[in-house]
$ cat entry21.cif   # mmCIF, C-alpha atoms
data_coords
loop_
_atom_site.label_atom_id
_atom_site.label_comp_id
_atom_site.auth_asym_id
_atom_site.auth_seq_id
_atom_site.Cartn_x
_atom_site.Cartn_y
_atom_site.Cartn_z
CA MET A 1 -16.00 19.63 3.65
CA GLN A 2 -14.72 23.15 3.18
CA THR A 3 -15.36 24.30 -0.37
CA MET A 4 -12.69 25.99 -2.43
CA LYS A 5 -12.91 28.40 -5.34
CA TYR A 6 -11.93 26.21 -8.31
CA ILE A 7 -11.80 22.62 -9.51
CA TRP A 8 -9.59 21.60 -12.44
CA PHE A 9 -11.82 19.80 -14.96
CA ASP A 10 -10.35 18.48 -18.22
CA GLY A 11 -7.81 21.27 -18.44
CA LYS A 12 -10.05 24.14 -17.35
CA MET A 13 -10.54 25.81 -13.99
CA LEU A 14 -14.23 25.72 -13.20
CA PRO A 15 -15.93 27.37 -10.23
CA TRP A 16 -16.40 24.76 -7.48
CA ASP A 17 -20.18 24.50 -7.85
CA GLU A 18 -20.03 24.28 -11.64
CA ALA A 19 -17.84 21.15 -11.78
CA GLN A 20 -20.69 18.77 -12.55
CA VAL A 21 -21.45 15.64 -14.59
CA HIS A 22 -24.57 14.08 -16.08
CA VAL A 23 -26.53 11.66 -13.87
CA LEU A 24 -26.02 8.96 -16.51
CA THR A 25 -22.24 9.20 -16.28
CA HIS A 26 -20.86 5.66 -16.63
CA ALA A 27 -18.68 5.85 -13.51
CA LEU A 28 -21.65 6.85 -11.38
CA HIS A 29 -23.40 3.59 -12.29
CA TYR A 30 -20.51 1.12 -12.56
CA GLY A 31 -17.59 2.55 -10.56
CA SER A 32 -15.43 2.97 -13.67
CA GLY A 33 -12.99 5.47 -12.26
CA VAL A 34 -9.50 5.66 -10.79
CA PHE A 35 -8.27 8.17 -8.27
CA GLU A 36 -5.47 9.28 -5.99
CA GLY A 37 -5.17 10.87 -2.58
CA ILE A 38 -2.22 13.24 -2.20
CA ARG A 39 -1.22 15.61 0.60
CA ALA A 40 0.41 19.03 0.58
CA TYR A 41 2.13 20.27 3.73
CA ALA A 42 3.18 23.68 4.97
CA CYS A 43 6.93 23.46 5.43
CA THR A 44 9.04 24.59 8.35
CA GLY A 45 10.72 27.84 7.40
CA GLY A 46 8.10 28.78 4.81
CA GLY A 47 6.63 27.53 1.57
CA SER A 48 4.74 24.30 0.92
CA ALA A 49 5.45 20.89 -0.53
CA VAL A 50 3.42 18.09 -2.05
CA PHE A 51 4.55 14.69 -0.78
CA ARG A 52 5.57 12.30 -3.57
CA LEU A 53 3.46 14.07 -6.18
CA GLU A 54 5.10 12.43 -9.19
CA ASP A 55 4.72 8.93 -7.71
CA HIS A 56 1.04 9.46 -7.07
CA CYS A 57 0.47 10.71 -10.62
CA LYS A 58 2.35 7.72 -12.04
CA ARG A 59 0.17 5.39 -9.98
CA LEU A 60 -2.96 7.10 -11.32
CA CYS A 61 -1.75 6.44 -14.87
CA ASN A 62 -0.97 2.83 -13.96
CA SER A 63 -4.42 2.40 -12.44
CA ALA A 64 -5.96 3.70 -15.66
CA LYS A 65 -3.85 1.25 -17.68
CA ILE A 66 -5.00 -1.68 -15.55
CA MET A 67 -8.63 -0.56 -15.95
CA ARG A 68 -8.24 -0.18 -19.75
CA MET A 69 -9.04 3.53 -19.53
CA ALA A 70 -7.45 5.75 -22.18
CA LEU A 71 -6.22 8.53 -19.93
CA PRO A 72 -5.60 11.64 -22.07
CA TYR A 73 -2.91 13.06 -19.76
CA THR A 74 0.62 12.05 -18.82
CA ALA A 75 1.80 11.78 -15.23
CA GLU A 76 3.80 14.99 -15.73
CA GLN A 77 0.74 16.88 -17.00
CA LEU A 78 -1.31 15.65 -14.04
CA ALA A 79 1.39 16.75 -11.59
CA ASP A 80 1.43 20.22 -13.16
CA ALA A 81 -2.37 20.36 -12.94
CA CYS A 82 -2.27 19.43 -9.24
CA LEU A 83 0.15 22.28 -8.54
CA GLU A 84 -1.93 24.69 -10.61
CA THR A 85 -5.05 23.75 -8.64
CA LEU A 86 -3.29 24.29 -5.32
CA THR A 87 -1.93 27.68 -6.32
CA VAL A 88 -5.11 29.04 -7.89
CA ASN A 89 -6.97 28.10 -4.71
CA LYS A 90 -4.17 29.57 -2.56
CA LEU A 91 -3.98 26.36 -0.52
CA ALA A 92 -0.74 26.03 1.42
CA ALA A 93 -1.62 22.68 3.03
CA GLY A 94 -4.37 20.20 2.34
CA TYR A 95 -5.61 17.23 0.37
CA ILE A 96 -5.49 16.72 -3.40
CA ARG A 97 -7.97 14.42 -5.16
CA PRO A 98 -7.33 13.63 -8.84
CA LEU A 99 -10.07 11.46 -10.35
CA SER A 100 -10.32 10.05 -13.86
CA PHE A 101 -13.59 8.42 -14.83
CA VAL A 102 -15.59 7.06 -17.74
CA GLY A 103 -18.06 9.76 -18.65
CA TYR A 104 -21.48 10.15 -20.24
CA GLY A 105 -22.32 8.20 -23.38
CA GLU A 106 -23.55 4.68 -23.95
CA MET A 107 -25.08 2.86 -20.99
CA GLY A 108 -24.24 -0.71 -20.04
CA VAL A 109 -21.27 -2.36 -18.36
CA TYR A 110 -19.07 -2.09 -21.46
CA PRO A 111 -17.74 1.50 -21.50
CA GLY A 112 -17.40 1.53 -25.29
CA GLN A 113 -16.35 4.89 -26.66
CA ASN A 114 -17.45 6.93 -23.67
CA PRO A 115 -15.00 9.76 -22.93
CA VAL A 116 -12.52 9.51 -20.06
CA GLN A 117 -12.69 12.71 -18.02
CA THR A 118 -10.41 14.00 -15.28
CA ILE A 119 -10.90 16.36 -12.36
CA ILE A 120 -8.58 17.60 -9.63
CA ALA A 121 -10.03 19.03 -6.43
CA VAL A 122 -8.18 20.34 -3.37
CA TRP A 123 -9.36 21.24 0.11
CA PRO A 124 -8.06 21.65 3.67
CA TRP A 125 -8.10 18.33 5.55
CA GLY A 126 -6.68 17.53 8.94
CA ALA A 127 -6.10 14.13 10.51
CA TYR A 128 -8.29 11.58 8.69
CA LEU A 129 -9.02 9.48 11.79
CA GLY A 130 -8.93 12.46 14.17
CA ALA A 131 -6.12 14.48 15.70
CA GLU A 132 -6.39 12.53 18.95
CA ALA A 133 -5.94 9.28 17.01
CA LEU A 134 -2.47 10.34 15.86
CA GLU A 135 -1.41 10.66 19.49
CA LYS A 136 -3.37 8.00 21.38
CA GLY A 137 -4.16 5.43 18.70
CA ILE A 138 -7.45 3.92 17.58
CA ARG A 139 -9.68 0.92 18.25
CA VAL A 140 -10.18 -1.43 15.32
CA LYS A 141 -12.02 -4.68 14.61
CA THR A 142 -11.56 -7.54 12.20
CA SER A 143 -14.16 -7.13 9.49
CA THR A 144 -16.57 -9.84 8.43
CA PHE A 145 -15.85 -8.69 4.87
CA ALA A 146 -12.72 -10.14 3.24
CA ARG A 147 -10.51 -8.36 0.75
CA ALA A 148 -11.35 -9.60 -2.74
CA HIS A 149 -9.25 -12.39 -4.26
CA VAL A 150 -6.53 -11.03 -6.56
CA ASN A 151 -8.30 -12.37 -9.65
CA THR A 152 -11.69 -11.00 -8.59
CA THR A 153 -10.74 -7.35 -8.86
CA MET A 154 -7.48 -5.66 -9.75
CA SER A 155 -6.01 -4.82 -6.35
CA LYS A 156 -3.11 -2.79 -7.80
CA ALA A 157 -5.52 -0.29 -9.37
CA LYS A 158 -6.82 2.43 -7.09
CA ALA A 159 -10.19 1.97 -8.74
CA ALA A 160 -13.40 3.56 -7.50
CA GLY A 161 -15.43 0.36 -7.76
CA ASN A 162 -12.99 -1.53 -5.52
CA TYR A 163 -14.01 0.66 -2.60
CA VAL A 164 -17.51 -0.79 -2.24
CA ASN A 165 -15.74 -3.51 -0.25
CA SER A 166 -14.18 -0.82 1.96
CA ILE A 167 -17.45 1.06 2.40
CA LEU A 168 -19.20 -2.04 3.74
CA ALA A 169 -16.35 -2.81 6.14
CA LYS A 170 -16.12 0.80 7.36
CA ILE A 171 -19.86 1.06 8.03
CA GLU A 172 -19.77 -2.20 9.96
CA ALA A 173 -16.83 -1.06 12.09
CA LYS A 174 -18.29 2.37 12.86
CA GLU A 175 -21.72 0.97 13.74
CA ASP A 176 -20.05 -1.52 16.09
CA GLY A 177 -18.28 1.31 17.88
CA TYR A 178 -14.81 1.04 16.34
CA ASP A 179 -12.74 3.58 14.43
CA GLU A 180 -11.61 1.36 11.57
CA ALA A 181 -11.66 -2.20 10.22
CA VAL A 182 -8.88 -4.69 9.60
CA MET A 183 -9.60 -6.85 6.57
CA LEU A 184 -8.30 -10.35 5.92
CA ASP A 185 -7.56 -11.83 2.52
CA THR A 186 -9.44 -14.85 1.18
CA ASN A 187 -6.84 -17.17 2.77
CA GLY A 188 -7.43 -15.67 6.21
CA TYR A 189 -4.23 -13.61 6.48
CA VAL A 190 -4.21 -9.94 7.46
CA SER A 191 -4.46 -7.81 4.33
CA GLU A 192 -5.13 -4.10 4.85
CA ALA A 193 -7.72 -1.71 6.27
CA THR A 194 -10.48 0.08 4.37
CA GLY A 195 -8.07 2.73 3.12
CA GLU A 196 -4.78 2.08 4.90
CA ASN A 197 -1.88 -0.36 4.94
CA ILE A 198 -0.99 -2.22 8.13
CA PHE A 199 2.24 -2.59 10.10
CA ILE A 200 2.97 -4.47 13.30
CA VAL A 201 6.08 -4.34 15.49
CA ARG A 202 7.29 -7.34 17.51
CA ASP A 203 10.66 -7.77 19.21
CA GLY A 204 11.88 -4.64 17.44
CA ILE A 205 11.10 -5.98 13.94
CA VAL A 206 8.74 -3.96 11.77
CA LYS A 207 6.49 -6.19 9.68
CA THR A 208 3.97 -5.32 6.98
CA THR A 209 1.74 -7.38 4.75
CA PRO A 210 3.25 -8.25 1.35
CA TRP A 211 2.23 -6.77 -1.99
CA THR A 212 -0.34 -9.47 -2.81
CA SER A 213 -3.95 -8.59 -2.01
CA ILE A 214 -3.14 -5.01 -1.02
CA LEU A 215 -2.85 -1.70 -2.82
CA GLY A 216 0.84 -0.81 -2.81
CA GLY A 217 0.66 2.29 -0.66
CA ILE A 218 3.06 5.13 -1.38
CA THR A 219 3.10 6.11 2.29
CA ARG A 220 3.65 2.42 3.13
CA GLN A 221 6.72 2.28 0.92
CA SER A 222 7.96 5.58 2.36
CA ILE A 223 7.65 4.31 5.94
CA MET A 224 9.47 1.10 5.02
CA THR A 225 12.37 3.12 3.61
CA LEU A 226 12.35 5.53 6.54
CA ALA A 227 12.32 2.69 9.09
CA GLN A 228 15.25 0.95 7.37
CA ASP A 229 17.19 4.21 7.24
CA LEU A 230 16.61 4.60 10.98
CA GLY A 231 18.11 1.18 11.60
CA TYR A 232 15.01 -0.97 12.00
CA THR A 233 14.64 -4.39 10.41
CA VAL A 234 11.65 -4.30 8.05
CA VAL A 235 10.07 -7.42 6.55
CA GLU A 236 7.17 -8.01 4.19
CA GLN A 237 5.53 -11.18 5.40
CA GLN A 238 2.07 -12.66 5.79
CA PHE A 239 0.77 -12.75 9.34
CA THR A 240 -2.40 -13.92 11.04
CA ARG A 241 -4.94 -12.15 13.17
CA ASP A 242 -3.64 -13.78 16.36
CA GLU A 243 -0.09 -12.68 15.56
CA PHE A 244 -1.54 -9.17 15.31
CA TYR A 245 -3.06 -9.61 18.80
CA ILE A 246 0.33 -10.29 20.40
CA ALA A 247 2.25 -7.56 18.58
CA ASP A 248 4.11 -5.04 20.72
CA GLU A 249 2.86 -2.20 18.52
CA ALA A 250 0.77 -1.67 15.40
CA PHE A 251 -0.07 1.22 13.11
CA PHE A 252 -1.80 2.18 9.87
CA THR A 253 -0.22 4.15 7.04
CA GLY A 254 -1.83 6.04 4.19
CA THR A 255 -2.01 9.46 2.59
CA ALA A 256 -5.12 10.34 4.57
CA ALA A 257 -4.26 8.41 7.75
CA GLU A 258 -0.56 9.40 7.59
CA LEU A 259 0.84 7.22 10.43
CA THR A 260 -1.89 6.34 12.93
CA PRO A 261 -1.22 4.05 15.91
CA ILE A 262 -3.53 1.11 16.69
CA ARG A 263 -4.14 0.65 20.40
CA GLU A 264 -6.69 -2.15 20.28
CA LEU A 265 -7.87 -4.93 17.93
CA ASP A 266 -11.01 -6.99 18.62
CA ASN A 267 -11.12 -5.83 22.28
CA ARG A 268 -7.50 -6.89 22.82
CA SER A 269 -4.94 -4.24 23.73
CA ILE A 270 -1.98 -4.06 21.37
CA GLY A 271 1.12 -3.89 23.55
CA GLU A 272 0.46 -1.37 26.30
CA GLY A 273 -2.68 -0.10 24.59
CA LYS A 274 -1.10 3.09 23.30
CA ALA A 275 1.37 4.28 20.68
CA GLY A 276 4.62 2.43 21.27
CA PRO A 277 8.17 3.79 21.02
CA VAL A 278 8.86 2.54 17.48
CA THR A 279 5.54 3.93 16.24
CA GLN A 280 6.20 7.27 17.91
CA HIS A 281 9.71 7.42 16.47
CA LEU A 282 8.55 6.69 12.93
CA GLN A 283 5.63 9.09 13.22
CA ARG A 284 7.88 11.87 14.50
CA GLU A 285 10.40 11.38 11.71
CA PHE A 286 7.66 11.11 9.08
CA PHE A 287 6.17 14.46 10.02
CA LYS A 288 9.63 16.05 10.00
CA LEU A 289 10.15 14.61 6.53
CA VAL A 290 6.91 15.91 4.97
CA LYS A 291 7.48 19.36 6.46
CA GLY A 292 10.85 19.65 4.78
CA GLU A 293 13.00 19.13 7.88
CA SER A 294 14.89 16.06 6.56
CA PRO A 295 17.20 17.07 3.68
CA GLN A 296 17.95 13.46 2.69
CA TYR A 297 14.33 13.04 1.58
CA GLU A 298 14.03 16.31 -0.31
CA GLY A 299 13.53 14.33 -3.52
CA TRP A 300 10.14 13.18 -2.22
CA LEU A 301 8.91 16.77 -1.90
CA HIS A 302 7.60 18.97 -4.69
CA ARG A 303 7.94 22.52 -3.45
CA TYR A 304 5.53 25.31 -4.37
CA SER A 305 4.30 28.58 -2.95
CA VAL A 306 0.94 30.35 -2.87
#
$ encode --input "entry21.cif" --output "structure tokens"
Amino acid sequence: MQTMKYIWFDGKMLPWDEAQVHVLTHALHYGSGVFEGIRAYACTGGGSAVFRLEDHCKRLCNSAKIMRMALPYTAEQLADACLETLTVNKLAAGYIRPLSFVGYGEMGVYPGQNPVQTIIAVWPWGAYLGAEALEKGIRVKTSTFARAHVNTTMSKAKAAGNYVNSILAKIEAKEDGYDEAVMLDTNGYVSEATGENIFIVRDGIVKTTPWTSILGGITRQSIMTLAQDLGYTVVEQQFTRDEFYIADEAFFTGTAAELTPIRELDNRSIGEGKAGPVTQHLQREFFKLVKGESPQYEGWLHRYSV
């Protein structure tokens, strides 16, 4: 990771190496934190824009509500802090990581009166799954780890502790020679990946898993809207692993992954084993959108300059 000059920490700009916490911080032991991943893009014609900044900050506040964390900032204050962190670090394009967590105080599962602290870090970050992956697609496998049942953990909270499940699945996939894992829900239906939502395309229809056991991705919702605006039929519907196998196309969406094609699942080629025409169309239009080339989506962009 490329270090930057400052990290926003509870309202103050601290030098990167001084943004530290105690080793007995509650979140470090029990995963009691919520976070967001947000991207800023350099725009065509100059300037920069954060993609759906306000929506991400609202989701962070909602995650904190679900987790019973008393977040001391509003979504608007968090959005302002994200922009301040980008500008003070002179970062025209990159990744933004807000994190709110239960801090140092009493130990034990119950967080009690421990303070809730918040940091915002930014850094340059290219394609999450590799630049080549955006063009050629990736190889994925069905994980042996299932997504947790909806009453086991709170799937609508982007909570730090939830990602232990993802860590295990990602390690398994990488050690088996794959780029990413597809995870099923506890009923055996396709759910999501370790940090991405899933779409398949069959007979021209774009299908994605419903908002049940998944985190409601902001990029997912954006792609659904974009696809409908481009004239595609989009449905939210459960589907099985074998329906995935016979899809014409498939792709992941997410802030980090953006729109990444899937060329293979469980040693079975998806379609022609490369990014298909619908995937390429959506990917092309998505990158035009985030770079400020699509005026109809200007409301999704928060412009700034450094």
$ residues_around --input "entry21.cif" --residues "stretch 117-128 of chain A" --least-positions-apart "5" --cutoff "8 Å" --atoms "only C-alpha atoms" --output "VMD selection string"
chain A and resid 1 to 4 6 to 10 71 81 to 82 85 to 86 89 91 93 to 103 134 256 to 258
$ resolve_selection --input "entry21.cif" --expression "the PyMOL selection byres ((chain A and resi 198) around 6)" --output "PDB file with C-alpha atoms, in the frame of the given file"
ATOM      1  CA  GLU A 192      -5.130  -4.100   4.850  1.00  0.00           C
ATOM      2  CA  ASN A 197      -1.880  -0.360   4.940  1.00  0.00           C
ATOM      3  CA  PHE A 199       2.240  -2.590  10.100  1.00  0.00           C
ATOM      4  CA  THR A 208       3.970  -5.320   6.980  1.00  0.00           C
ATOM      5  CA  PHE A 252      -1.800   2.180   9.870  1.00  0.00           C
TER       6      PHE A 252
END
$ closest_residue --input "entry21.cif" --among "A:Thr87, A:Thr142, A:Asn165, A:Ser32" --to "A:Val50" --atoms "all atoms listed in the file"
A:Thr87
$ atom_distance --input "entry21.cif" --atom1 "atom CA of A:Asp80" --atom2 "atom CA of A:Lys288"
24.9 Å
$ closest_residue --input "entry21.cif" --among "A:Gly195, A:Gly299, A:Gly47, A:Gly254" --to "A:Val164" --atoms "all atoms listed in the file"
A:Gly195
$ closest_atom_pairs --input "entry21.cif" --of "stretch 53-75 of chain A" --to "stretch 144-163 of chain A" --cutoff "8 Å" --atoms "only C-alpha atoms" --output "Markdown table"
| residue | atom | partner | partner_atom | distance |
| --- | --- | --- | --- | --- |
| A:Leu60 | CA | A:Lys158 | CA | 7.4 |
| A:Asn62 | CA | A:Ala157 | CA | 7.2 |
| A:Ser63 | CA | A:Ala157 | CA | 4.2 |
| A:Ala64 | CA | A:Ala157 | CA | 7.5 |
| A:Ile66 | CA | A:Ala157 | CA | 6.4 |
| A:Met67 | CA | A:Ala157 | CA | 7.3 |
$ residues_around --input "entry21.cif" --residues "A:Ser143" --least-positions-apart "5" --cutoff "6 Å" --atoms "all atoms listed in the file" --output "PDB file with C-alpha atoms, keeping the file's coordinate frame"
ATOM      1  CA  ALA A 169     -16.350  -2.810   6.140  1.00  0.00           C
ATOM      2  CA  ALA A 181     -11.660  -2.200  10.220  1.00  0.00           C
ATOM      3  CA  VAL A 182      -8.880  -4.690   9.600  1.00  0.00           C
ATOM      4  CA  MET A 183      -9.600  -6.850   6.570  1.00  0.00           C
TER       5      MET A 183
END
$ build_atoms --input "entry21.cif" --residues "stretch 278-289 of chain A" --atoms "all heavy atoms" --output "compact mmCIF listing (two decimals), keeping the file's coordinate frame"
# COMPACT_ATOMS: atom_id res chain seq x y z
N VAL A 278 8.49 2.60 18.90
CA VAL A 278 8.86 2.54 17.48
C VAL A 278 7.86 3.35 16.65
O VAL A 278 8.25 4.13 15.77
CB VAL A 278 8.92 1.07 16.99
CG1 VAL A 278 9.19 1.02 15.49
CG2 VAL A 278 9.98 0.29 17.76
N THR A 279 6.59 3.17 16.93
CA THR A 279 5.54 3.93 16.24
C THR A 279 5.74 5.42 16.42
O THR A 279 5.68 6.19 15.44
CB THR A 279 4.15 3.51 16.76
OG1 THR A 279 3.98 2.10 16.57
CG2 THR A 279 3.05 4.27 16.04
N GLN A 280 6.00 5.84 17.64
CA GLN A 280 6.20 7.27 17.91
C GLN A 280 7.43 7.80 17.18
O GLN A 280 7.41 8.92 16.65
CB GLN A 280 6.34 7.49 19.42
CG GLN A 280 5.05 7.28 20.19
CD GLN A 280 5.25 7.44 21.69
OE1 GLN A 280 6.29 7.04 22.24
NE2 GLN A 280 4.28 8.01 22.36
N HIS A 281 8.49 7.01 17.16
CA HIS A 281 9.71 7.42 16.47
C HIS A 281 9.46 7.60 14.97
O HIS A 281 9.82 8.64 14.38
CB HIS A 281 10.80 6.36 16.71
CG HIS A 281 12.15 6.76 16.20
ND1 HIS A 281 13.17 5.85 15.99
CD2 HIS A 281 12.66 7.97 15.84
CE1 HIS A 281 14.23 6.49 15.55
NE2 HIS A 281 13.96 7.76 15.44
N LEU A 282 8.83 6.61 14.36
CA LEU A 282 8.55 6.69 12.93
C LEU A 282 7.60 7.84 12.61
O LEU A 282 7.77 8.55 11.62
CB LEU A 282 7.97 5.37 12.43
CG LEU A 282 8.93 4.17 12.44
CD1 LEU A 282 8.19 2.90 12.08
CD2 LEU A 282 10.09 4.40 11.47
N GLN A 283 6.58 8.01 13.45
CA GLN A 283 5.63 9.09 13.22
C GLN A 283 6.31 10.45 13.31
O GLN A 283 6.10 11.34 12.46
CB GLN A 283 4.50 9.00 14.26
CG GLN A 283 3.36 9.99 14.03
CD GLN A 283 2.39 9.98 15.19
OE1 GLN A 283 2.71 10.43 16.29
NE2 GLN A 283 1.19 9.45 14.97
N ARG A 284 7.17 10.61 14.31
CA ARG A 284 7.88 11.87 14.50
C ARG A 284 8.78 12.18 13.31
O ARG A 284 8.78 13.31 12.78
CB ARG A 284 8.70 11.79 15.79
CG ARG A 284 9.39 13.06 16.20
CD ARG A 284 9.91 12.96 17.63
NE ARG A 284 10.84 11.86 17.82
CZ ARG A 284 10.56 10.76 18.54
NH1 ARG A 284 9.38 10.62 19.12
NH2 ARG A 284 11.48 9.80 18.67
N GLU A 285 9.50 11.18 12.84
CA GLU A 285 10.40 11.38 11.71
C GLU A 285 9.64 11.59 10.40
O GLU A 285 10.08 12.35 9.53
CB GLU A 285 11.36 10.19 11.58
CG GLU A 285 12.34 10.06 12.73
CD GLU A 285 13.23 11.28 12.89
OE1 GLU A 285 13.67 11.83 11.85
OE2 GLU A 285 13.48 11.68 14.03
N PHE A 286 8.47 10.93 10.28
CA PHE A 286 7.66 11.11 9.08
C PHE A 286 7.17 12.55 8.97
O PHE A 286 7.24 13.16 7.89
CB PHE A 286 6.48 10.15 9.09
CG PHE A 286 5.51 10.34 7.95
CD1 PHE A 286 5.84 9.96 6.66
CD2 PHE A 286 4.27 10.93 8.16
CE1 PHE A 286 4.96 10.14 5.60
CE2 PHE A 286 3.38 11.12 7.11
CZ PHE A 286 3.73 10.72 5.83
N PHE A 287 6.68 13.10 10.07
CA PHE A 287 6.17 14.46 10.02
C PHE A 287 7.30 15.48 9.82
O PHE A 287 7.09 16.52 9.18
CB PHE A 287 5.34 14.78 11.26
CG PHE A 287 3.94 14.20 11.18
CD1 PHE A 287 3.52 13.24 12.07
CD2 PHE A 287 3.06 14.60 10.18
CE1 PHE A 287 2.25 12.70 11.99
CE2 PHE A 287 1.79 14.07 10.08
CZ PHE A 287 1.38 13.11 10.99
N LYS A 288 8.49 15.19 10.31
CA LYS A 288 9.63 16.05 10.00
C LYS A 288 9.93 16.01 8.51
O LYS A 288 10.18 17.05 7.88
CB LYS A 288 10.86 15.59 10.80
CG LYS A 288 10.83 15.95 12.27
CD LYS A 288 11.98 15.30 13.02
CE LYS A 288 13.33 15.68 12.50
NZ LYS A 288 14.43 15.06 13.30
N LEU A 289 9.85 14.82 7.94
CA LEU A 289 10.15 14.61 6.53
C LEU A 289 9.20 15.42 5.64
O LEU A 289 9.64 16.17 4.75
CB LEU A 289 10.03 13.12 6.23
CG LEU A 289 10.40 12.52 4.89
CD1 LEU A 289 10.56 11.02 5.04
CD2 LEU A 289 9.35 12.81 3.81
